[in-house]
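Participant: Got upload.txt for you, compact mmCIF, C-alpha atoms and all ligand atoms:
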# COMPACT_ATOMS: atom_id res chain seq x y z
CA MET S 6 2.53 -17.19 16.25
CA THR S 7 1.03 -13.76 16.90
CA GLN S 8 0.00 -11.44 14.06
CA ASP S 9 3.09 -9.31 14.68
CA GLU S 10 5.34 -12.38 14.55
CA MET S 11 3.81 -13.31 11.18
CA LYS S 12 4.35 -9.74 9.94
CA CYS S 13 7.97 -9.84 11.10
CA ASP S 14 8.50 -13.23 9.49
CA VAL S 15 7.13 -12.16 6.14
CA ALA S 16 9.07 -8.88 6.25
CA ASN S 17 12.32 -10.77 6.73
CA SER S 18 11.50 -13.11 3.88
CA ALA S 19 11.10 -10.11 1.54
CA LEU S 20 14.83 -9.37 1.81
CA LYS S 21 15.52 -11.92 -0.92
CA TYR S 22 13.60 -9.69 -3.38
CA VAL S 23 15.93 -6.75 -2.72
CA VAL S 24 18.14 -6.33 -5.76
CA PRO S 25 21.70 -5.35 -4.76
CA ASN S 26 23.10 -2.06 -6.09
CA THR S 27 19.67 -0.63 -6.94
CA ILE S 28 17.20 1.82 -5.44
CA ILE S 29 14.13 0.15 -3.98
CA GLY S 30 10.70 1.48 -3.01
CA VAL S 31 9.54 1.06 0.56
CA GLY S 32 5.95 1.13 1.80
CA THR S 33 4.18 2.28 4.93
CA GLY S 34 2.63 0.58 7.96
CA SER S 35 3.56 -1.90 10.64
CA THR S 36 4.57 -4.69 8.23
CA ALA S 37 6.63 -2.23 6.19
CA ASN S 38 8.26 -1.07 9.44
CA PHE S 39 9.38 -4.64 10.16
CA PHE S 40 10.76 -4.72 6.62
CA ILE S 41 12.66 -1.45 7.10
CA ASP S 42 14.26 -2.81 10.26
CA ALA S 43 15.27 -5.96 8.37
CA LEU S 44 16.54 -3.91 5.42
CA ALA S 45 18.92 -2.10 7.77
CA THR S 46 20.91 -5.33 8.05
CA MET S 47 21.78 -5.13 4.34
CA LYS S 48 21.75 -1.37 3.84
CA ASP S 49 25.28 -1.36 2.42
CA GLN S 50 24.12 -3.55 -0.47
CA ILE S 51 21.60 -1.03 -1.88
CA ILE S 52 22.03 2.47 -3.29
CA GLY S 53 19.07 3.70 -1.29
CA ALA S 54 15.30 3.84 -1.14
CA VAL S 55 12.27 5.88 -2.15
CA ALA S 56 9.80 6.26 0.71
CA SER S 57 6.02 6.12 0.32
CA SER S 58 5.42 8.39 3.32
CA LEU S 59 7.13 10.83 5.64
CA ALA S 60 6.96 8.23 8.44
CA THR S 61 8.78 5.69 6.28
CA GLN S 62 11.35 8.29 5.24
CA GLU S 63 12.06 9.03 8.90
CA ARG S 64 12.44 5.35 9.78
CA LEU S 65 14.71 4.65 6.79
CA GLU S 66 16.90 7.65 7.59
CA GLY S 67 16.99 6.60 11.25
CA HIS S 68 18.72 3.43 10.06
CA GLY S 69 21.15 5.44 7.92
CA ILE S 70 19.53 4.40 4.62
CA THR S 71 19.73 7.09 1.91
CA VAL S 72 16.28 8.28 0.85
CA PHE S 73 15.78 9.63 -2.67
CA ASP S 74 13.06 11.93 -3.95
CA LEU S 75 11.14 9.98 -6.62
CA ASN S 76 11.86 12.74 -9.14
CA GLU S 77 15.56 11.96 -8.83
CA VAL S 78 14.99 8.33 -9.72
CA GLU S 79 14.39 6.84 -13.15
CA SER S 80 13.87 3.23 -12.23
CA MET S 81 13.29 1.14 -9.18
CA SER S 82 13.89 -2.60 -9.06
CA VAL S 83 11.22 -3.47 -6.54
CA TYR S 84 8.58 -1.95 -4.28
CA ILE S 85 7.89 -3.71 -1.00
CA ASP S 86 4.79 -2.82 1.01
CA GLY S 87 1.96 -4.22 3.11
CA ALA S 88 -1.78 -4.26 2.41
CA ASP S 89 -5.08 -4.16 4.23
CA GLU S 90 -6.65 -6.83 2.02
CA SER S 91 -5.66 -8.95 -0.96
CA ASP S 92 -7.75 -11.23 -3.13
CA ALA S 93 -6.47 -14.33 -4.91
CA GLU S 94 -5.67 -12.27 -8.05
CA LEU S 95 -3.39 -10.02 -5.97
CA ASN S 96 -5.68 -7.01 -6.25
CA LEU S 97 -5.20 -5.05 -3.04
CA ILE S 98 -6.88 -2.61 -0.72
CA LYS S 99 -4.30 -0.26 0.76
CA GLY S 100 -4.37 3.03 2.61
CA GLY S 101 -5.22 1.99 6.15
CA GLY S 102 -2.30 4.21 7.13
CA GLY S 103 -3.44 6.95 4.76
CA ALA S 104 -0.37 6.77 2.48
CA LEU S 105 -2.21 5.33 -0.52
CA THR S 106 -1.42 8.04 -3.06
CA ARG S 107 2.34 8.01 -2.57
CA GLU S 108 2.23 4.22 -2.34
CA LYS S 109 0.45 4.01 -5.67
CA ILE S 110 2.91 6.36 -7.33
CA VAL S 111 5.95 4.45 -6.06
CA ALA S 112 4.36 1.11 -7.02
CA ALA S 113 3.74 2.45 -10.55
CA VAL S 114 7.43 3.21 -11.05
CA ALA S 115 8.77 -0.07 -9.64
CA GLU S 116 9.50 -3.00 -11.92
CA GLN S 117 8.14 -5.47 -9.38
CA PHE S 118 5.65 -5.03 -6.51
CA VAL S 119 6.12 -7.47 -3.65
CA CYS S 120 3.30 -7.30 -1.12
CA ILE S 121 3.99 -8.52 2.41
CA ALA S 122 1.10 -9.39 4.70
CA ASP S 123 -0.03 -11.73 7.43
CA GLU S 124 -2.61 -14.40 6.61
CA SER S 125 -5.57 -12.36 7.89
CA LYS S 126 -5.24 -10.06 4.86
CA LEU S 127 -6.06 -12.68 2.19
CA VAL S 128 -9.82 -12.64 1.53
CA ASP S 129 -12.24 -14.11 -1.02
CA VAL S 130 -13.96 -10.82 -1.79
CA MET S 131 -12.44 -7.49 -0.79
CA GLY S 132 -14.44 -4.80 0.95
CA GLU S 133 -14.77 -5.82 4.55
CA PHE S 134 -11.90 -3.41 5.19
CA PRO S 135 -13.31 0.08 4.44
CA LEU S 136 -11.80 1.35 1.18
CA PRO S 137 -9.75 4.54 1.70
CA VAL S 138 -10.22 7.37 -0.80
CA GLU S 139 -7.97 10.44 -0.68
CA VAL S 140 -9.82 13.65 -1.57
CA ILE S 141 -9.05 17.34 -1.97
CA PRO S 142 -10.43 18.91 1.26
CA MET S 143 -13.01 21.21 -0.39
CA SER S 144 -14.53 18.24 -2.27
CA SER S 145 -15.11 15.89 0.65
CA ASN S 146 -18.88 16.33 1.04
CA TYR S 147 -19.44 16.29 -2.72
CA VAL S 148 -17.40 13.10 -3.13
CA MET S 149 -19.29 11.46 -0.25
CA ARG S 150 -22.61 12.29 -1.94
CA GLU S 151 -21.39 10.97 -5.30
CA ILE S 152 -20.19 7.70 -3.77
CA THR S 153 -23.46 7.19 -1.93
CA LYS S 154 -25.49 7.96 -5.06
CA ASN S 155 -23.49 6.25 -7.82
CA ILE S 156 -21.22 3.66 -6.24
CA GLY S 157 -22.72 2.41 -3.01
CA GLY S 158 -21.19 1.77 0.34
CA THR S 159 -20.99 4.19 3.23
CA PRO S 160 -18.27 6.84 3.08
CA VAL S 161 -17.05 8.17 6.41
CA LEU S 162 -14.60 11.04 6.82
CA ARG S 163 -11.48 9.86 8.70
CA LYS S 164 -11.56 12.22 11.69
CA GLY S 165 -8.51 14.29 12.63
CA PHE S 166 -6.40 12.89 9.79
CA VAL S 167 -4.55 14.81 7.08
CA THR S 168 -2.43 12.98 4.50
CA ASP S 169 1.21 13.78 3.72
CA ASN S 170 -0.22 15.61 0.69
CA GLY S 171 -2.47 17.86 2.81
CA ASN S 172 -5.66 16.03 1.82
CA LEU S 173 -8.46 14.13 3.60
CA ILE S 174 -9.42 10.44 3.61
CA LEU S 175 -12.89 8.98 3.19
CA ASP S 176 -13.21 5.36 4.33
CA VAL S 177 -15.92 3.62 2.34
CA GLY S 178 -17.50 0.75 4.26
CA GLY S 179 -20.04 -1.86 3.20
CA LEU S 180 -18.56 -2.66 -0.23
CA LYS S 181 -18.34 -6.09 -1.87
CA ILE S 182 -15.64 -5.59 -4.47
CA THR S 183 -16.25 -8.09 -7.25
CA ASN S 184 -14.74 -5.98 -10.05
CA PRO S 185 -11.79 -4.10 -8.50
CA LYS S 186 -10.48 -2.54 -11.74
CA GLU S 187 -13.87 -1.10 -12.63
CA LEU S 188 -14.39 0.30 -9.12
CA GLU S 189 -10.88 1.76 -9.07
CA ASN S 190 -11.56 3.63 -12.32
CA LYS S 191 -15.07 4.73 -11.32
CA LEU S 192 -13.83 6.24 -8.04
CA ASN S 193 -10.95 7.99 -9.78
CA SER S 194 -13.38 9.65 -12.19
CA ILE S 195 -15.18 11.57 -9.40
CA VAL S 196 -13.91 15.15 -9.38
CA GLY S 197 -12.04 15.84 -6.15
CA VAL S 198 -10.74 12.28 -5.74
CA VAL S 199 -6.95 12.23 -5.73
CA THR S 200 -6.71 8.47 -5.71
CA ASN S 201 -8.27 5.45 -4.05
CA GLY S 202 -6.86 2.51 -2.16
CA LEU S 203 -7.69 -0.14 -4.76
CA PHE S 204 -4.51 -1.44 -6.33
CA ALA S 205 -6.04 -3.39 -9.22
CA SER S 206 -4.77 -1.73 -12.40
CA ARG S 207 -1.38 -2.20 -10.81
CA GLY S 208 -1.78 -4.95 -8.25
CA ALA S 209 1.01 -6.92 -6.62
CA ASP S 210 3.24 -9.22 -8.66
CA VAL S 211 4.05 -11.38 -5.66
CA LEU S 212 2.23 -11.79 -2.34
CA LEU S 213 4.30 -13.07 0.55
CA LEU S 214 1.86 -14.27 3.17
CA GLY S 215 2.92 -14.86 6.76
CA THR S 216 1.01 -17.86 8.08
CA GLN S 217 1.14 -20.14 11.11
CA GLN S 218 2.88 -22.67 8.83
CA GLY S 219 5.50 -20.21 7.62
CA VAL S 220 5.71 -17.78 4.69
CA LYS S 221 3.75 -18.71 1.57
CA THR S 222 4.55 -17.20 -1.82
CA ILE S 223 1.64 -16.44 -4.15
CA LYS S 224 2.36 -15.41 -7.74
CA LEU S 225 -0.06 -15.13 -10.63
C1 LIG S 301 -0.66 2.20 4.56
C2 LIG S 301 -0.94 0.89 3.97
C3 LIG S 301 -0.49 -0.32 4.71
O1 LIG S 301 0.30 -1.08 3.86
C4 LIG S 301 -1.67 -1.12 5.17
O2 LIG S 301 -2.51 -0.28 5.93
C5 LIG S 301 -1.23 -2.33 5.99
O3 LIG S 301 -0.71 -1.91 7.21
P1 LIG S 301 -0.11 -2.90 8.28
O4 LIG S 301 1.14 -3.46 7.68
O5 LIG S 301 0.15 -2.01 9.47
O6 LIG S 301 -1.13 -3.96 8.58
O7 LIG S 301 -1.53 0.75 2.92
O8 LIG S 301 -1.26 3.25 3.85
For the file at hand, write its structure as structure tokens.
Ligand code: 5RP
Facilitator:
Amino acid sequence: MTQDEMKCDVANSALKYVVPNTIIGVGTGSTANFFIDALATMKDQIIGAVASSLATQERLEGHGITVFDLNEVESMSVYIDGADESDAELNLIKGGGGALTREKIVAAVAEQFVCIADESKLVDVMGEFPLPVEVIPMSSNYVMREITKNIGGTPVLRKGFVTDNGNLILDVGGLKITNPKELENKLNSIVGVVTNGLFASRGADVLLLGTQQGVKTIKL
């Protein structure tokens, strides 16, 4: 099976977590795109969706799925999204697509977070994938200096990229993330940081992992 076939497989298997007659949250990226295409087959069974990015909104609407502004929504049964890395405790690195802030907000509102990923994303220690950090544009050099001085790793400005919120992304390479919650909080305390791609305070509740042997379900 190719990586895309595993992504497609796992995206299809996430349909069973969609709660009929509710609004669900939908993530961003290639695995989430497979999920959106699968969701279209049962679009009449849900009220609609909240999108974690403009790209996801466009794809959902392209399938005729109603997209709600999060401020119109009081509760969400489930949030389904991919990840760049997950550890065994279902802490995640997200934001490879730059949508981390909206993803984190939607995940915070949802009752359940189901992460969908192919087997390459499960790692012993996170950090091989550079950790995305969304920053207010005028703070980017300051935040890079603070990370280098007080946190470690090598922050690199993501060139030619602006988030849906009008901000910039720093990708922090060379980290070995042994205490994800602590690092998440430390990064968030630097002035100018909007949010970072560590989903540890609110990690996934379920990880569906697409493998060569089929989809595995990992729950804590
Ligand atoms: C986007 C994300 C994605 O979920 C993450 O980058 C995984 O993407 P893909 O499913 O394409 O491998 O966090 O901001």
Participant: Do you know which residues are within 7 Å of ligand LIG 301 (chain S) using all atoms listed in the file? Can you write them as an MDAnalysis selection string?
Facilitator: chainID S and resid 32:37 86:89 99:105 122
Participant: Name the residues within 12 Å of (1.5, -2.6, -16.3), counting only C-alpha atoms in the file's coordinates, and put them as JSON, numbers by chain.
Facilitator: {"S": [112, 113, 114, 115, 116, 117, 118, 204, 205, 206, 207, 208, 209, 210]}
Participant: Which residue out of S:Ser18, S:Asn38, S:Thr153, S:Thr159 has the minimum interatomic distance to S:Leu213 when only C-alpha atoms are used?
Facilitator: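 For S:Leu213, the nearest of the given residues is S:Ser18.
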Participant: I need the residue nearest S:Ile152 from this list: S:Asp169, S:Ser125, S:Val198, S:Met131. Use all atoms listed in the file for the distance.
Facilitator: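 Of S:Asp169, S:Ser125, S:Val198, S:Met131, the one nearest S:Ile152, counting all atoms listed in the file, is S:Val198.
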Participant: Smallest atom-to-atom distance to S:Gly132: which of S:Leu192, S:Val78, S:Leu203, S:Leu59, using only C-alpha atoms?
Facilitator: S:Leu203
Participant: Taking only C-alpha atoms into account, which of S:Thr106, S:Thr71, S:Gln50, S:Gln8 comes nearest S:Asn170?
Facilitator: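 Ranked by minimum distance to S:Asn170, first place goes to S:Thr106.
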Participant: When distances are computed from all atoms listed in the file, which of S:Val128, S:Val83, S:Ile70, S:Ala54 shows the smallest separation from S:Val23?
Facilitator: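 Comparing S:Val128, S:Val83, S:Ile70, S:Ala54 against S:Val23, the winner is S:Val83.
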Participant: Kindly write stretch 50-169 of chain S with C-alpha atoms to a file, as a PDB file, in the first residue's frame.
Facilitator:
ATOM      1  CA  GLN S  50     -26.639  12.629   7.903  1.00  0.00           C
ATOM      2  CA  ILE S  51     -24.878  15.640   9.504  1.00  0.00           C
ATOM      3  CA  ILE S  52     -26.023  19.203  10.157  1.00  0.00           C
ATOM      4  CA  GLY S  53     -22.747  20.545   8.840  1.00  0.00           C
ATOM      5  CA  ALA S  54     -19.119  21.185   9.674  1.00  0.00           C
ATOM      6  CA  VAL S  55     -16.711  23.730  11.111  1.00  0.00           C
ATOM      7  CA  ALA S  56     -13.578  24.069   8.985  1.00  0.00           C
ATOM      8  CA  SER S  57     -10.070  24.499  10.381  1.00  0.00           C
ATOM      9  CA  SER S  58      -8.864  26.421   7.318  1.00  0.00           C
ATOM     10  CA  LEU S  59     -10.063  28.281   4.267  1.00  0.00           C
ATOM     11  CA  ALA S  60      -8.863  25.385   2.080  1.00  0.00           C
ATOM     12  CA  THR S  61     -10.968  22.915   4.059  1.00  0.00           C
ATOM     13  CA  GLN S  62     -13.966  25.259   3.940  1.00  0.00           C
ATOM     14  CA  GLU S  63     -13.672  25.413   0.155  1.00  0.00           C
ATOM     15  CA  ARG S  64     -13.440  21.625  -0.179  1.00  0.00           C
ATOM     16  CA  LEU S  65     -16.390  21.025   2.168  1.00  0.00           C
ATOM     17  CA  GLU S  66     -18.532  23.559   0.330  1.00  0.00           C
ATOM     18  CA  GLY S  67     -17.479  22.043  -2.991  1.00  0.00           C
ATOM     19  CA  HIS S  68     -19.168  18.849  -1.804  1.00  0.00           C
ATOM     20  CA  GLY S  69     -22.287  20.768  -0.749  1.00  0.00           C
ATOM     21  CA  ILE S  70     -21.574  20.402   2.987  1.00  0.00           C
ATOM     22  CA  THR S  71     -22.789  23.366   5.068  1.00  0.00           C
ATOM     23  CA  VAL S  72     -19.913  25.149   6.803  1.00  0.00           C
ATOM     24  CA  PHE S  73     -20.562  27.007  10.059  1.00  0.00           C
ATOM     25  CA  ASP S  74     -18.547  29.803  11.620  1.00  0.00           C
ATOM     26  CA  LEU S  75     -17.293  28.503  14.980  1.00  0.00           C
ATOM     27  CA  ASN S  76     -18.951  31.439  16.739  1.00  0.00           C
ATOM     28  CA  GLU S  77     -22.321  30.131  15.582  1.00  0.00           C
ATOM     29  CA  VAL S  78     -21.684  26.755  17.171  1.00  0.00           C
ATOM     30  CA  GLU S  79     -21.943  25.827  20.841  1.00  0.00           C
ATOM     31  CA  SER S  80     -20.848  22.236  20.689  1.00  0.00           C
ATOM     32  CA  MET S  81     -19.225  19.857  18.289  1.00  0.00           C
ATOM     33  CA  SER S  82     -19.412  16.087  18.630  1.00  0.00           C
ATOM     34  CA  VAL S  83     -16.066  15.269  17.089  1.00  0.00           C
ATOM     35  CA  TYR S  84     -13.046  16.835  15.398  1.00  0.00           C
ATOM     36  CA  ILE S  85     -11.289  14.763  12.753  1.00  0.00           C
ATOM     37  CA  ASP S  86      -7.853  15.805  11.522  1.00  0.00           C
ATOM     38  CA  GLY S  87      -4.418  14.535  10.513  1.00  0.00           C
ATOM     39  CA  ALA S  88      -1.047  15.097  12.175  1.00  0.00           C
ATOM     40  CA  ASP S  89       2.607  15.412  11.306  1.00  0.00           C
ATOM     41  CA  GLU S  90       3.735  13.290  14.261  1.00  0.00           C
ATOM     42  CA  SER S  91       2.142  11.466  17.181  1.00  0.00           C
ATOM     43  CA  ASP S  92       3.747   9.800  20.171  1.00  0.00           C
ATOM     44  CA  ALA S  93       2.310   6.818  22.025  1.00  0.00           C
ATOM     45  CA  GLU S  94       0.459   9.139  24.463  1.00  0.00           C
ATOM     46  CA  LEU S  95      -1.339  10.766  21.504  1.00  0.00           C
ATOM     47  CA  ASN S  96       0.480  14.068  21.894  1.00  0.00           C
ATOM     48  CA  LEU S  97       0.751  15.505  18.396  1.00  0.00           C
ATOM     49  CA  ILE S  98       2.775  17.831  16.230  1.00  0.00           C
ATOM     50  CA  LYS S  99       0.507  19.586  13.762  1.00  0.00           C
ATOM     51  CA  GLY S 100       0.787  22.586  11.481  1.00  0.00           C
ATOM     52  CA  GLY S 101       2.706  21.224   8.515  1.00  0.00           C
ATOM     53  CA  GLY S 102      -0.019  22.871   6.439  1.00  0.00           C
ATOM     54  CA  GLY S 103       0.135  26.026   8.549  1.00  0.00           C
ATOM     55  CA  ALA S 104      -3.418  25.728   9.923  1.00  0.00           C
ATOM     56  CA  LEU S 105      -2.376  24.960  13.507  1.00  0.00           C
ATOM     57  CA  THR S 106      -4.112  27.844  15.260  1.00  0.00           C
ATOM     58  CA  ARG S 107      -7.558  27.242  13.804  1.00  0.00           C
ATOM     59  CA  GLU S 108      -7.029  23.507  14.235  1.00  0.00           C
ATOM     60  CA  LYS S 109      -6.248  23.975  17.909  1.00  0.00           C
ATOM     61  CA  ILE S 110      -9.296  26.159  18.441  1.00  0.00           C
ATOM     62  CA  VAL S 111     -11.653  23.709  16.739  1.00  0.00           C
ATOM     63  CA  ALA S 112     -10.090  20.775  18.624  1.00  0.00           C
ATOM     64  CA  ALA S 113     -10.626  22.636  21.917  1.00  0.00           C
ATOM     65  CA  VAL S 114     -14.361  22.938  21.286  1.00  0.00           C
ATOM     66  CA  ALA S 115     -14.926  19.353  20.127  1.00  0.00           C
ATOM     67  CA  GLU S 116     -15.988  16.670  22.585  1.00  0.00           C
ATOM     68  CA  GLN S 117     -13.737  14.100  20.935  1.00  0.00           C
ATOM     69  CA  PHE S 118     -10.591  14.499  18.802  1.00  0.00           C
ATOM     70  CA  VAL S 119     -10.000  11.664  16.358  1.00  0.00           C
ATOM     71  CA  CYS S 120      -6.608  11.885  14.679  1.00  0.00           C
ATOM     72  CA  ILE S 121      -6.145  10.130  11.334  1.00  0.00           C
ATOM     73  CA  ALA S 122      -2.656   9.371  10.071  1.00  0.00           C
ATOM     74  CA  ASP S 123      -0.584   6.870   8.162  1.00  0.00           C
ATOM     75  CA  GLU S 124       1.897   4.709  10.070  1.00  0.00           C
ATOM     76  CA  SER S 125       4.900   6.946   9.306  1.00  0.00           C
ATOM     77  CA  LYS S 126       3.502   9.560  11.722  1.00  0.00           C
ATOM     78  CA  LEU S 127       3.781   7.453  14.900  1.00  0.00           C
ATOM     79  CA  VAL S 128       7.177   8.087  16.529  1.00  0.00           C
ATOM     80  CA  ASP S 129       8.896   7.308  19.828  1.00  0.00           C
ATOM     81  CA  VAL S 130      10.004  10.877  20.481  1.00  0.00           C
ATOM     82  CA  MET S 131       8.525  13.808  18.576  1.00  0.00           C
ATOM     83  CA  GLY S 132      10.677  16.498  17.016  1.00  0.00           C
ATOM     84  CA  GLU S 133      12.104  15.069  13.858  1.00  0.00           C
ATOM     85  CA  PHE S 134       9.319  16.961  12.086  1.00  0.00           C
ATOM     86  CA  PRO S 135      10.119  20.679  12.606  1.00  0.00           C
ATOM     87  CA  LEU S 136       7.636  22.147  15.094  1.00  0.00           C
ATOM     88  CA  PRO S 137       5.518  24.923  13.528  1.00  0.00           C
ATOM     89  CA  VAL S 138       4.994  28.095  15.566  1.00  0.00           C
ATOM     90  CA  GLU S 139       2.584  30.785  14.350  1.00  0.00           C
ATOM     91  CA  VAL S 140       3.797  34.304  15.157  1.00  0.00           C
ATOM     92  CA  ILE S 141       2.600  37.874  14.730  1.00  0.00           C
ATOM     93  CA  PRO S 142       4.683  39.189  11.773  1.00  0.00           C
ATOM     94  CA  MET S 143       6.456  42.016  13.651  1.00  0.00           C
ATOM     95  CA  SER S 144       7.650  39.556  16.330  1.00  0.00           C
ATOM     96  CA  SER S 145       9.259  36.936  14.091  1.00  0.00           C
ATOM     97  CA  ASN S 146      12.928  37.839  14.650  1.00  0.00           C
ATOM     98  CA  TYR S 147      12.397  38.372  18.380  1.00  0.00           C
ATOM     99  CA  VAL S 148      10.637  35.008  18.752  1.00  0.00           C
ATOM    100  CA  MET S 149      13.418  33.278  16.791  1.00  0.00           C
ATOM    101  CA  ARG S 150      16.027  34.770  19.142  1.00  0.00           C
ATOM    102  CA  GLU S 151      14.032  33.748  22.226  1.00  0.00           C
ATOM    103  CA  ILE S 152      13.626  30.173  20.988  1.00  0.00           C
ATOM    104  CA  THR S 153      17.326  29.879  20.191  1.00  0.00           C
ATOM    105  CA  LYS S 154      18.299  31.327  23.577  1.00  0.00           C
ATOM    106  CA  ASN S 155      15.772  29.734  25.945  1.00  0.00           C
ATOM    107  CA  ILE S 156      14.298  26.676  24.269  1.00  0.00           C
ATOM    108  CA  GLY S 157      16.766  25.227  21.807  1.00  0.00           C
ATOM    109  CA  GLY S 158      16.313  23.947  18.317  1.00  0.00           C
ATOM    110  CA  THR S 159      16.713  25.917  15.123  1.00  0.00           C
ATOM    111  CA  PRO S 160      13.821  28.166  14.109  1.00  0.00           C
ATOM    112  CA  VAL S 161      13.476  28.873  10.400  1.00  0.00           C
ATOM    113  CA  LEU S 162      10.979  31.300   8.888  1.00  0.00           C
ATOM    114  CA  ARG S 163       8.650  29.471   6.468  1.00  0.00           C
ATOM    115  CA  LYS S 164       9.350  31.404   3.264  1.00  0.00           C
ATOM    116  CA  GLY S 165       6.507  32.894   1.216  1.00  0.00           C
ATOM    117  CA  PHE S 166       3.827  31.603   3.589  1.00  0.00           C
ATOM    118  CA  VAL S 167       1.109  33.592   5.356  1.00  0.00           C
ATOM    119  CA  THR S 168      -1.477  31.844   7.537  1.00  0.00           C
ATOM    120  CA  ASP S 169      -5.242  32.236   7.177  1.00  0.00           C
TER     121      ASP S 169
END
